[in-house]
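Undergrad: My questions will all concern the structure given below.
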Amino acid sequence: MNQSQKVLVAGTGISGIAAAKLILDKGGEVVLYDGNAGLNPEEVKAKVGDNAKLSLVLGEIKRSDLLGVELCVISPGIPLDSPFVAVVDEAKIPIIGELELAYQSSLGRLLAITGTNGKTTTTALTGEILKAQFEDVYVVGNIGEPYTAKVETMTAESVTVAEVSSFQLETILDFRPEVSAILNITPDHLNRHKTMENYIQIKEAITLNQTEEDAVVLNYDDPVLREFGESGELKPRVIWFSSREKLKDGFCMNGDTIVYCKSGRETPVINVHSMHLLGRHNYENVMAAAAMSMQMGVPLEKITQVIRDFRPVEHRIRGVARTFSGVEHRMEFVRELGGVKYYNDSKGTNPDAAIQALRAMPGPTILIAGGYDKNSEYDDWVAEFEGKVRYLILIGQTRDKIAACAKKHGFTEIMYAEDLPEAVQVSAVYADTGDYVLLSPACASWDMFKSFEERGEIFKECVMNL
């Protein structure tokens, strides 16, 4: 990006504001745009700070607003087939995303992680391992702070671990991580990407600019990724992990122990009972994090120690300290009340993620689900209910669709709730000692909430108020 460019930044969310600040800090001029005409202009400008080179456009974008604009940085939430993008395309203005902007402006070494599920846990763990080896480590992306928010403080010695979504990968040009990982690919965001083929292609694009000097970590158990890794078309070196099969080279399981294999020789990494992460999907996340860290030169002994010490993080709910293993809103233990344990898996925004959460529940489960419709199919998820789910409590836009799918599979213990607080109240009434109450919606949150984080916070508040 030319530092004196006039740039249109589309979106006034976290990533859009961070991108605008970065461009202004580098001496550029920003036209900040948002399609919501009801936003308060002064409040939006206050997020960026007082700057004479910032102008704001709300509502419909016009050709006159694009006068002198040389580049558009688009937030990941804006679909590329939107009317806004059509106007920008017609003006022949190049479009990149916040991810590409950050990459072009950053220094140091980069690792990037994508996949339908497990990204946040893997990113957090990889970041912790690398912090044990390197002095200057940044953990960025969907996991918390935008990549662009940290660029200005990076140096040639910095190491960055980025959680990357399919929405972000749609708009890359030169983005090239030294080590990438694709954890899994299952149907998700098909309302945006239209076909599974498109979704797969976008996820695999994380390797697009990698060379023979780089590496990609892939899930051997995922048929799409196994075909991708064995195609012979990949330039980066492939490092495999598997929770189900023995590997000659890579990370896999030997009983309850994660092992590293090289030319058939096994080196133990960690016994899963020594970890604070539940479920096979988390064993895979750990293997992916270990593989990426080893590729960065972290000794295996140090990797093992960090995995073992990856302990619960404390959060506060209504002033009461609560702990959970891994990351917030993903298999987060909230509290135990009357012998019933409550778990927040609001980040389970698609059926495959919800399957993993349900499998991790050790006993009878009352499941709260439903939300925004991403054109997902629920059959595989519902098939997991038998012998595990006692009651299904449904909320949101998809409740009729999920209920119909459950009945088709012979599951009839279904209740509707008008909102999440009611769902929590109902679950408390029907739960018996030894039961688990799990919020794992299998759907996005946008029909009733601003984000999955807000949905999870409301769930926790309701549980704490019981």
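Going through the structure tokens in order, the chains are called A, B, and so on, while each chain numbers its residues from 1 and the ligands are numbered from 1 in the order shown.
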Just the strand (DSSP E or B) stuff from stretch 17-63 of chain A, please, per backbone DSSP, written as a list in words.
TA: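 So, restricting stretch 17-63 of chain A to strand (DSSP E or B), we get Glu29, Val30, Val31, Leu32, Tyr33, Asp34, Leu54, Ser55, Leu56, Val57 and Leu58 of chain A.
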Undergrad: Can you write out the residues you just picked, keeping C-alpha atoms, as a tab-separated table (two decimals), in the first residue's frame?
TA:
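Written out: selection28.tsv:
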chain	number	residue	atom	x	y	z
A	29	GLU	CA	-6.24	9.43	3.69
A	30	VAL	CA	-9.32	7.43	4.67
A	31	VAL	CA	-12.90	7.44	3.50
A	32	LEU	CA	-14.63	5.34	6.18
A	33	TYR	CA	-17.88	3.75	4.96
A	34	ASP	CA	-20.73	1.85	6.59
A	54	LEU	CA	-10.70	11.06	7.73
A	55	SER	CA	-14.11	11.45	6.10
A	56	LEU	CA	-17.21	9.38	6.81
A	57	VAL	CA	-19.91	8.03	4.48
A	58	LEU	CA	-22.99	6.30	5.92
Undergrad: Excluding A:Arg63 and residues on its chain fewer than 6 positions from it, collect all residues at most 9 Å away from it, counting only C-alpha atoms, and give them as a ChimeraX atom specification.
TA: /A:87-88,91
Undergrad: Grab the residues selected above and save them as a short mmCIF file (atom, residue, chain, number, x, y, z; two decimals), in the first residue's frame with all heavy atoms.
TA:
data_model
loop_
_atom_site.label_atom_id
_atom_site.label_comp_id
_atom_site.auth_asym_id
_atom_site.auth_seq_id
_atom_site.Cartn_x
_atom_site.Cartn_y
_atom_site.Cartn_z
N VAL A 87 -20.46 -1.38 -6.87
CA VAL A 87 -20.15 0.04 -7.13
C VAL A 87 -18.63 0.25 -7.16
O VAL A 87 -18.10 0.95 -8.03
CB VAL A 87 -20.79 0.93 -6.04
CG1 VAL A 87 -20.33 2.38 -6.20
CG2 VAL A 87 -22.30 0.85 -6.12
N VAL A 88 -17.92 -0.37 -6.22
CA VAL A 88 -16.46 -0.24 -6.16
C VAL A 88 -15.81 -0.87 -7.38
O VAL A 88 -14.88 -0.31 -7.98
CB VAL A 88 -15.92 -0.85 -4.86
CG1 VAL A 88 -14.39 -0.80 -4.82
CG2 VAL A 88 -16.49 -0.13 -3.64
N ALA A 91 -16.08 1.21 -10.45
CA ALA A 91 -15.13 2.33 -10.44
C ALA A 91 -13.69 1.86 -10.65
O ALA A 91 -12.76 2.68 -10.63
CB ALA A 91 -15.25 3.09 -9.12
#
Undergrad: Counting only C-alpha atoms, which residues of stretch 162-225 of chain A sit at most 9 Å from some atom of stretch 136-140 of chain A, and what is each one's closest atom pair with its distance in Å to one decimal, listed by chain and rising residue number, as a tab-separated table?
TA:
residue	atom	partner	partner_atom	distance
A:Ala162	CA	A:Val140	CA	4.9
A:Glu163	CA	A:Val140	CA	6.4
A:Val164	CA	A:Val140	CA	9.0
Undergrad: Under the rule that only C-alpha atoms are counted, which of A:Ile366, A:Val382, A:Ile172, A:Ala18 is the nearest residue to A:Gln104?
TA: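 Of A:Ile366, A:Val382, A:Ile172, A:Ala18, the one nearest A:Gln104, counting only C-alpha atoms, is A:Ile172.
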Undergrad: Could you list, as a list in words, every residue within 7 Å of A:Tyr220, counting only C-alpha atoms and ignoring same-chain residues fewer than 3 positions away?
TA: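 These residues fall inside the cut-off: Leu225, Arg226, Trp240, Phe241 and Ser242 of chain A.
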Undergrad: How would the residues just chosen look if you wrote them out with C-alpha atoms as a PDB file, in the first residue's frame?
TA:
ATOM      1  CA  LEU A 225      -7.475 -32.237   3.136  1.00  0.00           C
ATOM      2  CA  ARG A 226      -5.881 -35.641   2.580  1.00  0.00           C
ATOM      3  CA  TRP A 240       0.231 -34.367   8.859  1.00  0.00           C
ATOM      4  CA  PHE A 241      -1.653 -34.972  12.086  1.00  0.00           C
ATOM      5  CA  SER A 242      -4.233 -37.674  12.811  1.00  0.00           C
TER       6      SER A 242
END
Undergrad: Excluding A:Trp446 and residues on its chain fewer than 3 positions from it, collect all residues at most 12 Å away from it, counting only C-alpha atoms, and give them as a PDB file with N, CA and C atoms, in the first residue's frame.
TA:
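In the end it all went to part.pdb:
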ATOM      1  N   GLY A  77     -17.002  -9.027   7.032  1.00  0.00           N
ATOM      2  CA  GLY A  77     -18.445  -9.238   7.119  1.00  0.00           C
ATOM      3  C   GLY A  77     -19.218  -8.800   5.884  1.00  0.00           C
ATOM      4  N   THR A 349     -20.852 -22.678  16.130  1.00  0.00           N
ATOM      5  CA  THR A 349     -21.759 -21.995  15.211  1.00  0.00           C
ATOM      6  C   THR A 349     -22.087 -22.795  13.962  1.00  0.00           C
ATOM      7  N   GLY A 370     -29.971 -23.682  18.125  1.00  0.00           N
ATOM      8  CA  GLY A 370     -30.747 -22.878  17.189  1.00  0.00           C
ATOM      9  C   GLY A 370     -30.200 -21.472  17.051  1.00  0.00           C
ATOM     10  N   GLY A 371     -30.514 -20.842  15.915  1.00  0.00           N
ATOM     11  CA  GLY A 371     -30.038 -19.493  15.666  1.00  0.00           C
ATOM     12  C   GLY A 371     -30.193 -19.096  14.213  1.00  0.00           C
ATOM     13  N   TYR A 372     -29.253 -18.330  13.717  1.00  0.00           N
ATOM     14  CA  TYR A 372     -29.275 -17.813  12.349  1.00  0.00           C
ATOM     15  C   TYR A 372     -29.024 -18.943  11.349  1.00  0.00           C
ATOM     16  N   ASP A 373     -29.745 -18.939  10.259  1.00  0.00           N
ATOM     17  CA  ASP A 373     -29.667 -20.009   9.263  1.00  0.00           C
ATOM     18  C   ASP A 373     -28.559 -19.735   8.252  1.00  0.00           C
ATOM     19  N   LYS A 374     -27.509 -20.578   8.267  1.00  0.00           N
ATOM     20  CA  LYS A 374     -26.418 -20.471   7.287  1.00  0.00           C
ATOM     21  C   LYS A 374     -26.554 -21.524   6.196  1.00  0.00           C
ATOM     22  N   GLY A 396     -34.552 -19.307  18.161  1.00  0.00           N
ATOM     23  CA  GLY A 396     -34.041 -18.657  16.960  1.00  0.00           C
ATOM     24  C   GLY A 396     -34.674 -19.078  15.654  1.00  0.00           C
ATOM     25  N   GLN A 397     -34.105 -18.539  14.598  1.00  0.00           N
ATOM     26  CA  GLN A 397     -34.615 -18.661  13.237  1.00  0.00           C
ATOM     27  C   GLN A 397     -34.704 -20.107  12.756  1.00  0.00           C
ATOM     28  N   THR A 398     -33.782 -20.951  13.191  1.00  0.00           N
ATOM     29  CA  THR A 398     -33.694 -22.315  12.658  1.00  0.00           C
ATOM     30  C   THR A 398     -34.461 -23.345  13.469  1.00  0.00           C
ATOM     31  N   PRO A 441     -25.156 -24.077  19.814  1.00  0.00           N
ATOM     32  CA  PRO A 441     -26.284 -23.777  18.920  1.00  0.00           C
ATOM     33  C   PRO A 441     -26.262 -24.433  17.545  1.00  0.00           C
ATOM     34  N   CYS A 443     -25.473 -23.064  15.037  1.00  0.00           N
ATOM     35  CA  CYS A 443     -25.921 -21.984  14.155  1.00  0.00           C
ATOM     36  C   CYS A 443     -25.205 -20.689  14.556  1.00  0.00           C
ATOM     37  N   PHE A 449     -28.614 -11.956  18.258  1.00  0.00           N
ATOM     38  CA  PHE A 449     -27.504 -11.358  18.984  1.00  0.00           C
ATOM     39  C   PHE A 449     -26.539 -10.679  18.012  1.00  0.00           C
ATOM     40  N   LYS A 450     -25.705  -9.801  18.547  1.00  0.00           N
ATOM     41  CA  LYS A 450     -24.699  -9.136  17.714  1.00  0.00           C
ATOM     42  C   LYS A 450     -23.583 -10.089  17.312  1.00  0.00           C
ATOM     43  N   SER A 451     -23.308 -11.071  18.169  1.00  0.00           N
ATOM     44  CA  SER A 451     -22.177 -11.971  17.945  1.00  0.00           C
ATOM     45  C   SER A 451     -22.337 -13.203  18.816  1.00  0.00           C
ATOM     46  N   PHE A 452     -21.513 -14.236  18.547  1.00  0.00           N
ATOM     47  CA  PHE A 452     -21.556 -15.421  19.411  1.00  0.00           C
ATOM     48  C   PHE A 452     -21.040 -15.072  20.800  1.00  0.00           C
ATOM     49  N   GLU A 453     -20.152 -14.056  20.890  1.00  0.00           N
ATOM     50  CA  GLU A 453     -19.659 -13.638  22.200  1.00  0.00           C
ATOM     51  C   GLU A 453     -20.801 -13.093  23.060  1.00  0.00           C
ATOM     52  N   GLU A 454     -21.648 -12.240  22.448  1.00  0.00           N
ATOM     53  CA  GLU A 454     -22.778 -11.691  23.205  1.00  0.00           C
ATOM     54  C   GLU A 454     -23.719 -12.815  23.633  1.00  0.00           C
ATOM     55  N   ARG A 455     -23.982 -13.755  22.733  1.00  0.00           N
ATOM     56  CA  ARG A 455     -24.847 -14.892  23.068  1.00  0.00           C
ATOM     57  C   ARG A 455     -24.276 -15.671  24.254  1.00  0.00           C
TER      58      ARG A 455
END
Undergrad: I'd like to know which of A:Leu125, A:Leu439, A:Val259, A:Ile96 is closest to A:Phe333, using only C-alpha atoms.
TA: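 Nearest candidate to A:Phe333 out of A:Leu125, A:Leu439, A:Val259, A:Ile96: A:Leu439.
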Undergrad: How many Å lie between atom CA of A:Thr126 and atom CA of A:Val73, rounded to one decimal?
TA: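 For atom CA of A:Thr126 relative to atom CA of A:Val73, the distance reads 28.2 Å.
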Undergrad: What's the separation between atom CA of A:Ser243 and atom CA of A:Glu284, in Å to one decimal place?
TA: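 Straight-line distance from atom CA of A:Ser243 to atom CA of A:Glu284 works out to 6.1 Å.
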Undergrad: Taking the DSSP secondary structure from the backbone, can you list the residues of stretch 36-213 of chain A that are helix (DSSP H, G or I), as a tab-separated table (two decimals) with N, CA and C atoms, in the first residue's frame?
TA:
chain	number	residue	atom	x	y	z
A	41	PRO	N	-22.53	9.63	13.48
A	41	PRO	CA	-21.25	9.98	12.86
A	41	PRO	C	-20.16	10.34	13.87
A	42	GLU	N	-20.53	11.09	14.90
A	42	GLU	CA	-19.53	11.51	15.88
A	42	GLU	C	-18.99	10.33	16.67
A	43	GLU	N	-19.86	9.38	16.99
A	43	GLU	CA	-19.42	8.19	17.73
A	43	GLU	C	-18.47	7.35	16.88
A	44	VAL	N	-18.77	7.22	15.59
A	44	VAL	CA	-17.91	6.44	14.70
A	44	VAL	C	-16.55	7.11	14.58
A	45	LYS	N	-16.53	8.43	14.35
A	45	LYS	CA	-15.27	9.15	14.21
A	45	LYS	C	-14.45	9.10	15.49
A	46	ALA	N	-15.12	9.08	16.63
A	46	ALA	CA	-14.42	9.03	17.92
A	46	ALA	C	-13.63	7.74	18.08
A	47	LYS	N	-14.10	6.66	17.45
A	47	LYS	CA	-13.39	5.38	17.52
A	47	LYS	C	-12.03	5.46	16.84
A	48	VAL	N	-11.95	6.30	15.80
A	48	VAL	CA	-10.71	6.43	15.04
A	48	VAL	C	-9.80	7.49	15.63
A	63	ARG	N	-20.87	7.16	-6.55
A	63	ARG	CA	-19.63	7.28	-7.31
A	63	ARG	C	-18.85	8.52	-6.88
A	64	SER	N	-19.56	9.56	-6.52
A	64	SER	CA	-18.89	10.80	-6.11
A	64	SER	C	-18.09	10.63	-4.82
A	65	ASP	N	-18.51	9.66	-3.99
A	65	ASP	CA	-17.78	9.39	-2.75
A	65	ASP	C	-16.43	8.73	-3.02
A	66	LEU	N	-16.28	8.20	-4.21
A	66	LEU	CA	-15.07	7.44	-4.56
A	66	LEU	C	-14.04	8.28	-5.30
A	83	PRO	N	-24.17	-5.13	-3.28
A	83	PRO	CA	-24.27	-3.96	-4.16
A	83	PRO	C	-23.12	-2.97	-3.94
A	84	PHE	N	-22.65	-2.86	-2.70
A	84	PHE	CA	-21.52	-1.96	-2.41
A	84	PHE	C	-20.30	-2.36	-3.23
A	85	VAL	N	-19.97	-3.65	-3.23
A	85	VAL	CA	-18.79	-4.12	-3.97
A	85	VAL	C	-18.97	-3.88	-5.47
A	86	ALA	N	-20.19	-4.02	-5.96
A	86	ALA	CA	-20.46	-3.77	-7.38
A	86	ALA	C	-20.12	-2.33	-7.75
A	87	VAL	N	-20.46	-1.38	-6.87
A	87	VAL	CA	-20.15	0.04	-7.13
A	87	VAL	C	-18.63	0.25	-7.16
A	88	VAL	N	-17.92	-0.37	-6.22
A	88	VAL	CA	-16.46	-0.24	-6.16
A	88	VAL	C	-15.81	-0.87	-7.38
A	89	ASP	N	-16.29	-2.04	-7.77
A	89	ASP	CA	-15.77	-2.72	-8.96
A	89	ASP	C	-15.98	-1.89	-10.22
A	90	GLU	N	-17.15	-1.29	-10.31
A	90	GLU	CA	-17.47	-0.48	-11.48
A	90	GLU	C	-16.53	0.72	-11.60
A	98	GLU	N	-8.71	-6.69	5.35
A	98	GLU	CA	-7.89	-6.25	6.48
A	98	GLU	C	-6.69	-7.16	6.66
A	99	LEU	N	-6.86	-8.46	6.39
A	99	LEU	CA	-5.77	-9.43	6.52
A	99	LEU	C	-4.63	-9.09	5.56
A	100	GLU	N	-4.96	-8.81	4.32
A	100	GLU	CA	-3.95	-8.47	3.32
A	100	GLU	C	-3.27	-7.15	3.65
A	101	LEU	N	-4.05	-6.17	4.10
A	101	LEU	CA	-3.48	-4.88	4.49
A	101	LEU	C	-2.46	-5.07	5.60
A	102	ALA	N	-2.81	-5.86	6.60
A	102	ALA	CA	-1.90	-6.10	7.73
A	102	ALA	C	-0.64	-6.81	7.25
A	103	TYR	N	-0.81	-7.82	6.40
A	103	TYR	CA	0.34	-8.57	5.92
A	103	TYR	C	1.31	-7.66	5.16
A	104	GLN	N	0.78	-6.82	4.30
A	104	GLN	CA	1.63	-5.93	3.51
A	104	GLN	C	2.35	-4.90	4.37
A	105	SER	N	1.83	-4.63	5.57
A	105	SER	CA	2.39	-3.59	6.43
A	105	SER	C	3.23	-4.14	7.57
A	119	LYS	N	-10.13	-23.38	15.31
A	119	LYS	CA	-9.13	-22.33	15.02
A	119	LYS	C	-8.71	-21.58	16.28
A	120	THR	N	-9.67	-21.17	17.09
A	120	THR	CA	-9.36	-20.31	18.22
A	120	THR	C	-8.51	-21.03	19.26
A	121	THR	N	-8.89	-22.26	19.61
A	121	THR	CA	-8.11	-23.03	20.57
A	121	THR	C	-6.69	-23.27	20.06
A	122	THR	N	-6.58	-23.67	18.80
A	122	THR	CA	-5.26	-23.95	18.21
A	122	THR	C	-4.41	-22.69	18.16
A	123	THR	N	-5.02	-21.58	17.79
A	123	THR	CA	-4.28	-20.31	17.72
A	123	THR	C	-3.78	-19.90	19.11
A	124	ALA	N	-4.66	-19.99	20.11
A	124	ALA	CA	-4.28	-19.61	21.47
A	124	ALA	C	-3.14	-20.49	21.98
A	125	LEU	N	-3.24	-21.79	21.78
A	125	LEU	CA	-2.22	-22.71	22.26
A	125	LEU	C	-0.90	-22.50	21.52
A	126	THR	N	-0.96	-22.34	20.21
A	126	THR	CA	0.25	-22.09	19.43
A	126	THR	C	0.94	-20.82	19.90
A	127	GLY	N	0.14	-19.79	20.16
A	127	GLY	CA	0.70	-18.55	20.68
A	127	GLY	C	1.42	-18.75	22.00
A	128	GLU	N	0.83	-19.54	22.91
A	128	GLU	CA	1.46	-19.79	24.21
A	128	GLU	C	2.77	-20.56	24.06
A	129	ILE	N	2.78	-21.53	23.16
A	129	ILE	CA	4.02	-22.30	22.94
A	129	ILE	C	5.11	-21.39	22.40
A	130	LEU	N	4.77	-20.56	21.43
A	130	LEU	CA	5.77	-19.68	20.82
A	130	LEU	C	6.28	-18.62	21.80
A	131	LYS	N	5.40	-18.20	22.73
A	131	LYS	CA	5.83	-17.22	23.74
A	131	LYS	C	6.89	-17.82	24.67
A	147	TYR	N	-5.34	-8.05	13.29
A	147	TYR	CA	-3.95	-8.08	12.84
A	147	TYR	C	-3.44	-6.65	12.65
A	148	THR	N	-4.26	-5.79	12.01
A	148	THR	CA	-3.84	-4.42	11.71
A	148	THR	C	-3.57	-3.60	12.97
A	149	ALA	N	-4.20	-3.97	14.10
A	149	ALA	CA	-4.03	-3.20	15.32
A	149	ALA	C	-2.64	-3.36	15.92
A	151	VAL	N	0.28	-4.12	13.92
A	151	VAL	CA	1.32	-4.00	12.91
A	151	VAL	C	2.38	-2.96	13.27
A	152	GLU	N	1.95	-1.81	13.81
A	152	GLU	CA	2.87	-0.70	14.03
A	152	GLU	C	3.95	-1.01	15.07
A	153	THR	N	3.73	-1.99	15.93
A	153	THR	CA	4.72	-2.31	16.97
A	153	THR	C	5.56	-3.53	16.61
A	166	SER	N	-12.55	-17.88	6.49
A	166	SER	CA	-12.77	-17.96	5.04
A	166	SER	C	-13.12	-16.59	4.47
A	167	PHE	N	-13.85	-15.78	5.25
A	167	PHE	CA	-14.20	-14.44	4.79
A	167	PHE	C	-12.94	-13.61	4.53
A	168	GLN	N	-11.93	-13.77	5.37
A	168	GLN	CA	-10.69	-13.02	5.20
A	168	GLN	C	-9.87	-13.54	4.02
A	169	LEU	N	-9.91	-14.85	3.81
A	169	LEU	CA	-9.11	-15.45	2.74
A	169	LEU	C	-9.67	-15.12	1.35
A	190	LEU	N	-22.36	-21.57	3.93
A	190	LEU	CA	-22.77	-21.80	2.54
A	190	LEU	C	-23.74	-20.73	2.06
A	191	ASN	N	-24.36	-19.99	2.98
A	191	ASN	CA	-25.18	-18.85	2.56
A	191	ASN	C	-24.30	-17.77	1.92
A	192	ARG	N	-23.04	-17.74	2.29
A	192	ARG	CA	-22.09	-16.76	1.73
A	192	ARG	C	-21.31	-17.33	0.55
A	193	HIS	N	-20.79	-18.53	0.72
A	193	HIS	CA	-19.91	-19.10	-0.30
A	193	HIS	C	-20.66	-19.91	-1.37
A	196	MET	N	-20.08	-25.91	-1.62
A	196	MET	CA	-19.01	-26.49	-0.82
A	196	MET	C	-17.68	-26.39	-1.56
A	197	GLU	N	-17.73	-26.50	-2.88
A	197	GLU	CA	-16.50	-26.41	-3.68
A	197	GLU	C	-15.84	-25.04	-3.51
A	198	ASN	N	-16.66	-23.99	-3.51
A	198	ASN	CA	-16.12	-22.63	-3.30
A	198	ASN	C	-15.50	-22.50	-1.92
A	199	TYR	N	-16.22	-23.02	-0.92
A	199	TYR	CA	-15.74	-22.93	0.46
A	199	TYR	C	-14.40	-23.64	0.63
A	200	ILE	N	-14.28	-24.83	0.05
A	200	ILE	CA	-13.03	-25.59	0.12
A	200	ILE	C	-11.89	-24.82	-0.55
A	201	GLN	N	-12.16	-24.30	-1.72
A	201	GLN	CA	-11.14	-23.56	-2.47
A	201	GLN	C	-10.64	-22.34	-1.69
A	202	ILE	N	-11.57	-21.65	-1.02
A	202	ILE	CA	-11.18	-20.47	-0.25
A	202	ILE	C	-10.34	-20.86	0.96
A	203	LYS	N	-10.72	-21.92	1.66
A	203	LYS	CA	-9.94	-22.38	2.80
A	203	LYS	C	-8.52	-22.79	2.37
A	204	GLU	N	-8.44	-23.51	1.27
A	204	GLU	CA	-7.13	-23.99	0.80
A	204	GLU	C	-6.25	-22.86	0.28
A	205	ALA	N	-6.86	-21.69	0.03
A	205	ALA	CA	-6.10	-20.54	-0.48
A	205	ALA	C	-5.10	-20.01	0.53
A	206	ILE	N	-5.15	-20.47	1.78
A	206	ILE	CA	-4.16	-20.04	2.76
A	206	ILE	C	-2.75	-20.45	2.33
A	207	THR	N	-2.66	-21.47	1.46
A	207	THR	CA	-1.36	-21.95	0.97
A	207	THR	C	-0.99	-21.33	-0.38
Undergrad: Given the choices A:His281, A:Lys62, A:Lys235, A:Lys92, which gets closest to A:Asp221 if the distance is worked out from only C-alpha atoms?
TA: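 For A:Asp221, the nearest of the candidates is A:His281.
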Undergrad: With distances taken over only C-alpha atoms, which of A:Ala132, A:Ala406, A:Met464, A:Ile61 is nearest to A:Phe310?
TA: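 Nearest to A:Phe310: A:Ala132.
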Undergrad: When you look at A:Ala404 with a cut-off of 12 Å (counting only C-alpha atoms), what residues show up, excluding the ones that are within fewer than 5 positions of it in the same chain? I need them as a short mmCIF file (atom, residue, chain, number, x, y, z; two decimals) with all heavy atoms, in the first residue's frame.
TA:
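Below is the file out_33.cif, written as the result:
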data_model
loop_
_atom_site.label_atom_id
_atom_site.label_comp_id
_atom_site.auth_asym_id
_atom_site.auth_seq_id
_atom_site.Cartn_x
_atom_site.Cartn_y
_atom_site.Cartn_z
N GLU A 377 -26.98 -28.23 7.02
CA GLU A 377 -27.77 -29.45 7.17
C GLU A 377 -27.44 -30.03 8.54
O GLU A 377 -26.29 -30.03 8.97
CB GLU A 377 -27.44 -30.46 6.07
CG GLU A 377 -27.77 -29.96 4.66
CD GLU A 377 -29.26 -29.72 4.45
OE1 GLU A 377 -30.06 -30.43 5.10
OE2 GLU A 377 -29.62 -28.84 3.66
N TYR A 378 -28.46 -30.58 9.23
CA TYR A 378 -28.30 -30.95 10.63
C TYR A 378 -28.35 -32.46 10.89
O TYR A 378 -28.29 -32.89 12.04
CB TYR A 378 -29.37 -30.25 11.47
CG TYR A 378 -29.30 -28.75 11.35
CD1 TYR A 378 -30.22 -28.04 10.59
CD2 TYR A 378 -28.29 -28.04 11.99
CE1 TYR A 378 -30.14 -26.65 10.47
CE2 TYR A 378 -28.20 -26.66 11.88
CZ TYR A 378 -29.12 -25.97 11.11
OH TYR A 378 -29.03 -24.62 10.99
N ASP A 379 -28.42 -33.27 9.84
CA ASP A 379 -28.61 -34.72 10.02
C ASP A 379 -27.49 -35.38 10.82
O ASP A 379 -27.76 -36.17 11.73
CB ASP A 379 -28.75 -35.39 8.65
CG ASP A 379 -29.99 -34.94 7.91
OD1 ASP A 379 -31.05 -35.56 8.09
OD2 ASP A 379 -29.92 -33.92 7.20
N VAL A 382 -27.78 -34.38 14.53
CA VAL A 382 -28.93 -35.01 15.20
C VAL A 382 -28.66 -36.49 15.43
O VAL A 382 -29.10 -37.06 16.44
CB VAL A 382 -30.21 -34.78 14.37
CG1 VAL A 382 -31.35 -35.63 14.90
CG2 VAL A 382 -30.60 -33.30 14.38
N LEU A 394 -34.96 -25.44 21.71
CA LEU A 394 -34.63 -24.70 20.49
C LEU A 394 -35.06 -23.25 20.56
O LEU A 394 -36.15 -22.92 21.05
CB LEU A 394 -35.29 -25.37 19.28
CG LEU A 394 -34.77 -26.77 18.93
CD1 LEU A 394 -35.63 -27.40 17.85
CD2 LEU A 394 -33.31 -26.69 18.49
N THR A 398 -33.78 -20.95 13.19
CA THR A 398 -33.69 -22.32 12.66
C THR A 398 -34.46 -23.34 13.47
O THR A 398 -34.36 -24.54 13.20
CB THR A 398 -32.22 -22.77 12.60
OG1 THR A 398 -31.66 -22.67 13.92
CG2 THR A 398 -31.42 -21.92 11.63
N ARG A 399 -35.24 -22.92 14.48
CA ARG A 399 -35.79 -23.93 15.39
C ARG A 399 -36.74 -24.89 14.68
O ARG A 399 -36.74 -26.09 14.99
CB ARG A 399 -36.44 -23.27 16.59
CG ARG A 399 -37.62 -22.37 16.35
CD ARG A 399 -38.06 -21.71 17.65
NE ARG A 399 -39.33 -21.02 17.49
CZ ARG A 399 -39.97 -20.42 18.48
NH1 ARG A 399 -39.45 -20.43 19.71
NH2 ARG A 399 -41.12 -19.82 18.28
N HIS A 409 -35.35 -38.12 12.41
CA HIS A 409 -34.43 -39.12 12.95
C HIS A 409 -34.98 -39.82 14.19
O HIS A 409 -34.27 -40.57 14.86
CB HIS A 409 -33.07 -38.49 13.26
CG HIS A 409 -32.27 -38.15 12.05
ND1 HIS A 409 -31.33 -39.00 11.50
CD2 HIS A 409 -32.28 -37.05 11.24
CE1 HIS A 409 -30.79 -38.43 10.44
NE2 HIS A 409 -31.35 -37.25 10.26
N GLY A 410 -36.23 -39.54 14.52
CA GLY A 410 -36.88 -40.23 15.63
C GLY A 410 -36.68 -39.60 16.98
O GLY A 410 -37.04 -40.19 18.01
N PHE A 411 -36.12 -38.40 17.03
CA PHE A 411 -35.92 -37.71 18.32
C PHE A 411 -37.08 -36.74 18.53
O PHE A 411 -37.28 -35.83 17.71
CB PHE A 411 -34.59 -36.96 18.34
CG PHE A 411 -34.28 -36.36 19.68
CD1 PHE A 411 -33.55 -37.07 20.63
CD2 PHE A 411 -34.72 -35.08 20.03
CE1 PHE A 411 -33.27 -36.53 21.88
CE2 PHE A 411 -34.45 -34.54 21.27
CZ PHE A 411 -33.73 -35.27 22.20
N THR A 412 -37.81 -36.92 19.61
CA THR A 412 -39.03 -36.12 19.81
C THR A 412 -39.06 -35.31 21.11
O THR A 412 -40.02 -34.60 21.37
CB THR A 412 -40.27 -37.03 19.78
OG1 THR A 412 -40.13 -38.04 20.79
CG2 THR A 412 -40.43 -37.68 18.42
N ILE A 414 -38.43 -32.48 22.32
CA ILE A 414 -38.10 -31.14 21.81
C ILE A 414 -38.98 -30.09 22.47
O ILE A 414 -40.20 -30.28 22.60
CB ILE A 414 -38.29 -31.08 20.28
CG1 ILE A 414 -37.43 -32.15 19.58
CG2 ILE A 414 -37.97 -29.70 19.73
CD1 ILE A 414 -37.80 -32.37 18.13
#
Undergrad: Which residues come within 7 Å of A:Leu110, counting only C-alpha atoms, excluding same-chain residues fewer than 2 positions away, as a list in words?
TA: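 Near neighbours after the sequence-gap exclusion: Gly108, Ala112, Val159, Thr160, Val161, Pro177, Glu178 and Val179 of chain A.
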